[in-house]
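*Asks:* I'd like to ask some things about the structure below.
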Amino acid sequence: MTHPNRVALGEFKPSDYWATHVNSIFYGIKGPEIHNHFQTYVSLDYRLAHALANDFYAKAQSQQRPENDKWVVQEWGVGNGNLAACFLSRLREIDSDNEVYPFVYYILCDESEEILKGVRANARLLEHAGKFSTVRVHAEHLDCFRTHSVAKIITNEIWDDLATKVLLKHQGLYYEEYLCPFLETLPSEDFLEQFKNKDLEKLAAFPNFLNTIHWERDFQRVDLDDWPFAEILKAHAEEFKDEIPMPINTGAFAAIKKARELLGPGNFGYTSFDYGMKTMKDLNQEGRPYFNLYGGQYTFMVNFPLLENIGRSLGFTEITREYQNQFVGKDLGSEVVSLVDLVQNHPQVASMAPWDRDILMLGTLNALNTVYQSPYSGKLDYPALQGTPKKQRKQIAQLAKNLSGRGVPDTVAYVSREEVLAALKPLRKLGYREKDIQSAFQSPPSAVAFVHIQFSS
């Protein structure tokens, strides 16, 4: 029911309309500041990039030298450029005979000029000057590139930002989610027009309005015959449980289709990392989330079983779906766990105040850094949360100061079983027990998890 004191910023429209509208404003006015709202597994860590580079190198060695002496790698949705930088650095390191790295050219594609500005200033990426370029373009509209001209395509957490419809099944009928954004008060007289027209220059004066949007939702009857890939979608929807909102990532359909068009003969496939439901069982789990808000950004969970079906229908013959940590673990030859997951398994973490959790995280980082050695230098910045008491603020500042410049690069980073066990003594001093560490490595994945999917043909 609409709140009488709120101002509607438009009309009720399908979820894919409003979410993409708001996301393009979010990326357009916040630029590199988006990394203050969320970290991905490639923002500061290097292990996903290294796993990709090792895989690329192994495949490239068995290939003939590419047409025009160039293997073009494209990344769509580029974050801060760290994935590209670490991919190229790893390739250069392992290619001692100069058989692959000299022939790789990396194109970073993003719709936000603000994001691309940040990428072009990335010091680690600038080490590869002449080996990369940036192109401002939306991942669903890549018509500026020649068909069959690309060797490898990589995306990291972009499908959740692309157009996504939401479908609900009820007694054999289907209903689509509609959204409408509201604000308590408008920041200016002309704001409604600026919001409607995505006037980024004017909206940048009110960056905080995004996280004060209140979303109201409604469901309306829908005929799936009008949707893209209708026959595949109808077969998929027959497996839905009633009353569970299901994301239908139509923007990802377009991205997969475009990848199929752009990949050339003897290519290395399309790799995507994202956050969502890996199996039908996960999709049908009651109560699991289907969207998230980060500082005003509206993201959807990814429906991986459906995207595999779409990929097959487009002609990709080999598709692998696995958890992201399994992909990294295979590359390292060891089980890996996210540092965040390790901390979540500490016996006292659930009862700790937020600042005490920060102290535990920093203590865990320092413990692991006694054995962990990153190939890249860069000290993790770890400011205290607003509202942290003075005593704990001082403790956090000291622990952050003690962090190694070659230590675990991020709280969202992968550490191996061997690294954790080698740091067992200092971890015990923090209150970790061996059974907590075992639990971190053995916990079954949740219904919504980080997944790696590879499309090849």
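Ordering of the structure tokens sets the chain letters (A, B, ...); residue numbers start at 1 within each chain; ligands are numbered from 1 in the order shown.
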Mind checking which residues fall within 8 Å of Ala53 (chain A), counting only C-alpha atoms, ignoring those fewer than 6 positions away in the same chain, and posting them as a list in words?
*Replies:*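 Once the nearby chain positions are removed, what remains is Phe87, Leu88, Arg90 and Leu91 of chain A.
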*Asks:* Please provide as number ranges by chain all residues within 9 Å of Glu239 (chain A), with the sequence filter that same-chain residues fewer than 4 positions apart are discarded (counting only C-alpha atoms).
*Replies:* A: 235, 280, 284
*Asks:* Using C-alpha atoms, can you export the residues from the last selection as a PDB file, in the first residue's frame?
*Replies:*
ATOM      1  CA  ALA A 235       9.978 -25.176 -19.602  1.00  0.00           C
ATOM      2  CA  MET A 280      17.016 -25.625  -9.085  1.00  0.00           C
ATOM      3  CA  ASN A 284      13.147 -23.286  -4.968  1.00  0.00           C
TER       4      ASN A 284
END
*Asks:* Counting only C-alpha atoms, figure out which residue out of A:Pro245, A:Gly10, A:Pro445, A:Gly333 gets nearest to Trp215 (chain A).
*Replies:*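 Between A:Pro245, A:Gly10, A:Pro445, A:Gly333, the residue approaching Trp215 (chain A) most closely is A:Gly10.
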*Asks:* Using the chain letters and numbers from this document, which residues of region 143-379 of chain A does DSSP assign to helix (DSSP H, G or I), as JSON, numbers by chain?
*Replies:* {"A": [191, 192, 193, 194, 195, 196, 200, 201, 202, 203, 207, 208, 209, 210, 211, 212, 224, 225, 226, 230, 231, 232, 233, 234, 235, 236, 237, 250, 251, 252, 253, 254, 255, 256, 257, 258, 259, 260, 261, 262, 280, 281, 282, 283, 304, 305, 306, 307, 308, 309, 310, 311, 312, 313, 324, 325, 326, 327, 328, 329, 330, 331, 332, 339, 340, 341, 342, 343, 344, 349, 350, 351, 354, 355, 356, 357, 358, 359, 360, 361, 362, 363, 364, 365, 366, 367, 368]}
